[in-house]
file start17.pdb (PDB, C-alpha atoms and all ligand atoms)
MODEL        1
ATOM      1  CA  MET Y   1      91.183 137.110 137.931
ATOM      2  CA  ASP Y   2      93.826 134.768 139.248
ATOM      3  CA  PHE Y   3      93.135 131.168 140.011
ATOM      4  CA  THR Y   4      95.240 128.787 142.007
ATOM      5  CA  ASP Y   5      94.817 125.070 142.518
ATOM      6  CA  LYS Y   6      92.642 124.372 145.489
ATOM      7  CA  GLU Y   7      92.441 121.238 147.563
ATOM      8  CA  ILE Y   8      88.943 120.000 148.254
ATOM      9  CA  VAL Y   9      87.735 117.013 150.232
ATOM     10  CA  CYS Y  10      85.085 115.033 148.420
ATOM     11  CA  ARG Y  11      81.934 114.881 150.450
ATOM     12  CA  ASP Y  12      81.015 111.475 149.065
ATOM     13  CA  CYS Y  13      84.183 109.455 149.425
ATOM     14  CA  GLY Y  14      86.339 111.745 151.584
ATOM     15  CA  THR Y  15      89.204 111.772 149.141
ATOM     16  CA  SER Y  16      90.932 115.064 148.711
ATOM     17  CA  PHE Y  17      91.324 116.247 145.181
ATOM     18  CA  MET Y  18      92.716 119.230 143.388
ATOM     19  CA  TRP Y  19      90.380 121.728 141.904
ATOM     20  CA  SER Y  20      92.662 123.040 139.275
ATOM     21  CA  ALA Y  21      93.010 126.670 138.337
ATOM     22  CA  GLY Y  22      91.918 125.811 134.822
ATOM     23  CA  GLU Y  23      88.740 124.219 136.078
ATOM     24  CA  GLN Y  24      88.016 127.160 138.311
ATOM     25  CA  GLU Y  25      88.361 129.441 135.349
ATOM     26  CA  PHE Y  26      86.011 127.216 133.385
ATOM     27  CA  PHE Y  27      83.481 127.309 136.210
ATOM     28  CA  THR Y  28      83.657 131.068 136.386
ATOM     29  CA  GLN Y  29      83.187 131.400 132.656
ATOM     30  CA  LYS Y  30      80.107 129.231 132.919
ATOM     31  CA  GLY Y  31      78.804 131.484 135.653
ATOM     32  CA  LEU Y  32      78.964 128.745 138.271
ATOM     33  CA  VAL Y  33      79.715 130.053 141.710
ATOM     34  CA  ASN Y  34      79.559 126.887 143.767
ATOM     35  CA  THR Y  35      82.723 125.051 144.585
ATOM     36  CA  PRO Y  36      82.484 121.438 143.524
ATOM     37  CA  SER Y  37      81.944 119.259 146.572
ATOM     38  CA  ARG Y  38      82.753 115.946 144.961
ATOM     39  CA  CYS Y  39      85.862 114.524 143.405
ATOM     40  CA  PRO Y  40      85.822 113.964 139.650
ATOM     41  CA  ILE Y  41      85.197 110.259 140.132
ATOM     42  CA  CYS Y  42      82.125 110.738 142.302
ATOM     43  CA  ARG Y  43      80.916 113.492 140.039
ATOM     44  CA  LYS Y  44      81.139 111.142 137.117
ATOM     45  CA  LYS Y  45      79.284 108.414 138.983
ATOM     46  CA  LYS Y  46      76.586 110.870 139.865
ATOM     47  CA  ASP Y  47      76.320 112.126 136.317
ATOM     48  CA  VAL Y  48      75.948 108.617 135.025
ATOM     49  CA  LYS Y  49      73.195 107.917 137.509
ATOM     50  CA  HIS Y  50      71.587 111.215 136.759
ATOM     51  CA  ASP Y  51      71.529 110.543 133.053
ATOM     52  CA  PHE Y  52      69.991 107.145 133.753
ATOM     53  CA  GLN Y  53      72.213 105.664 131.150
ATOM     54  CA  HIS Y  54      71.678 101.995 131.578
ATOM     55  CA  LEU Y  55      72.807 101.179 128.125
ATOM     56  CA  PHE Y  56      72.025  97.913 126.495
ATOM     57  CA  ASP Y  57      74.128  96.417 123.789
ATOM     58  CA  ILE Y  58      72.083  96.005 120.706
ATOM     59  CA  GLU Y  59      72.617  95.165 117.096
ATOM     60  CA  CYS Y  60      70.581  97.368 114.867
ATOM     61  CA  ARG Y  61      68.222  95.417 112.671
ATOM     62  CA  LEU Y  62      68.420  98.038 109.948
ATOM     63  CA  CYS Y  63      72.056  98.922 109.590
ATOM     64  CA  HIS Y  64      73.419  95.956 111.561
ATOM     65  CA  LYS Y  65      75.772  98.139 113.487
ATOM     66  CA  LYS Y  66      76.488  97.299 117.077
ATOM     67  CA  SER Y  67      75.163 100.048 119.188
ATOM     68  CA  ARG Y  68      74.013 100.913 122.655
ATOM     69  CA  SER Y  69      70.531 101.878 123.532
ATOM     70  CA  PRO Y  70      68.984 103.254 126.704
ATOM     71  CA  PHE Y  71      65.969 101.117 125.888
ATOM     72  CA  GLN Y  72      66.096  97.456 126.567
ATOM     73  CA  PRO Y  73      64.882  95.803 123.421
ATOM     74  CA  ASN Y  74      62.016  93.438 124.156
ATOM     75  CA  ASP Y  75      63.063  91.397 121.251
ATOM     76  CA  ALA Y  76      66.618  91.484 119.969
ATOM     77  CA  ALA Y  77      65.313  91.369 116.427
ATOM     78  CA  GLN Y  78      63.507  94.639 117.012
ATOM     79  CA  ALA Y  79      66.596  96.462 118.201
ATOM     80  CA  ILE Y  80      67.388  99.594 116.342
ATOM     81  CA  CYS Y  81      70.189 102.082 116.738
ATOM     82  CA  GLU Y  82      69.601 105.707 117.564
ATOM     83  CA  ALA Y  83      70.527 106.916 114.111
ATOM     84  CA  CYS Y  84      68.053 104.583 112.430
ATOM     85  CA  PHE Y  85      65.431 105.368 115.039
ATOM     86  CA  LYS Y  86      65.763 109.045 114.297
ATOM     87  CA  GLN Y  87      65.705 108.349 110.608
ATOM     88  CA  GLN Y  88      62.513 106.364 111.043
ATOM     89  CA  GLN Y  89      60.898 109.073 113.123
ATOM     90  CA  ALA Y  90      61.843 111.620 110.513
ATOM     91  CA  ASP Y  91      60.308 109.460 107.810
ATOM     92  CA  LEU Y  92      57.112 108.924 109.767
ATOM     93  CA  LYS Y  93      56.350 112.465 110.686
ATOM     94  CA  PRO Y  94      57.886 115.537 109.163
ATOM     95  CA  VAL Y  95      57.075 117.653 112.199
ATOM     96  CA  SER Y  96      58.628 115.707 114.998
ATOM     97  CA  SER Y  97      57.485 115.692 118.576
ATOM     98  CA  GLU Y  98      60.256 113.236 119.219
ATOM     99  CA  GLN Y  99      61.722 115.211 122.098
ATOM    100  CA  VAL Y 100      58.469 114.988 124.037
ATOM    101  CA  ASP Y 101      57.844 111.341 123.239
ATOM    102  CA  HIS Y 102      61.350 110.454 124.209
ATOM    103  CA  ALA Y 103      61.022 112.147 127.575
ATOM    104  CA  SER Y 104      57.725 110.531 128.469
ATOM    105  CA  VAL Y 105      59.020 107.084 127.577
ATOM    106  CA  MET Y 106      62.004 107.681 129.806
ATOM    107  CA  GLU Y 107      59.838 108.730 132.700
ATOM    108  CA  SER Y 108      57.584 105.736 132.491
ATOM    109  CA  GLN Y 109      60.591 103.442 132.454
ATOM    110  CA  TYR Y 110      62.419 104.870 135.392
TER
HETATM  111 ZN    ZN Y 201      84.697 111.224 145.765
HETATM  112 ZN    ZN Y 202      70.930 101.377 112.628
ENDMDL
END
call {"tool": "encode", "arguments": {"input": "start17.pdb", "output": "structure tokens", "more": "lines below"}}
Ligand SMILES: [Zn+2]
Ligand SMILES: [Zn+2]
result
Amino acid sequence: MDFTDKEIVCRDCGTSFMWSAGEQEFFTQKGLVNTPSRCPICRKKKDVKHDFQHLFDIECRLCHKKSRSPFQPNDAAQAICEACFKQQQADLKPVSSEQVDHASVMESQY
């Protein structure tokens, strides 16, 4: 199948952008049939919002690395990076229901 660059007008900001042949090929490979309706910038903005990534700068109390966390630490001294958090969870319970816990915390926060 041949792809050619296509000009699309972003429905959010009205800017026209090129939907490149390469991207079209990528879309097709992924089985996506819908033409993107937003420019890459708006798509990115939307993704960010969608992922609710309000990241807070923290300094991990265990490894002292600067990190970013989606959770706002109540107390800076309690801040912990994701790696250490996972490590802790793994130490606490061998069979982890972390995925579920994580999701429910997210929901209650947003
Ligand atoms: Zn746009
Ligand atoms: Zn850490």
call {"tool": "atom_distance", "arguments": {"input": "start17.pdb", "atom1": "CA of Lys45 (chain Y)", "atom2": "CA of Ala83 (chain Y)"}}
result
26.4 Å
call {"tool": "resolve_selection", "arguments": {"input": "start17.pdb", "expression": "the PyMOL selection byres (((not hetatm)) within 9 of (chain Y and resi 202))", "output": "list in words"}}
result
Glu59, Cys60, Arg61, Leu62, Cys63, His64, Lys65, Lys66, Ser67, Ala79, Ile80, Cys81, Glu82, Ala83, Cys84, Phe85 and Gln87 of chain Y
call {"tool": "atom_distance", "arguments": {"input": "start17.pdb", "atom1": "CA of Lys6 (chain Y)", "atom2": "CA of Lys30 (chain Y)"}}
result
18.4 Å
call {"tool": "closest_residue", "arguments": {"input": "start17.pdb", "among": "Y:Gln72, Y:Gln88, Y:Gln29, Y:Thr15", "to": "ligand ZN 201 (chain Y)", "atoms": "only C-alpha atoms and all ligand atoms"}}
result
Y:Thr15
call {"tool": "residues_near_ligand", "arguments": {"input": "start17.pdb", "ligand": "ligand ZN 201 (chain Y)", "cutoff": "12 Å", "atoms": "only C-alpha atoms and all ligand atoms", "output": "PyMOL selection string"}}
result
chain Y and resi 8-18+36-46
call {"tool": "atom_distance", "arguments": {"input": "start17.pdb", "atom1": "CA of Gln78 (chain Y)", "atom2": "CA of Ala90 (chain Y)"}}
result
18.3 Å
call {"tool": "residues_around", "arguments": {"input": "start17.pdb", "residues": "Ser20 (chain Y)", "least_positions_apart": "3", "cutoff": "7 Å", "atoms": "all atoms listed in the file", "output": "number ranges by chain"}}
result
Y: 4-6, 23-24
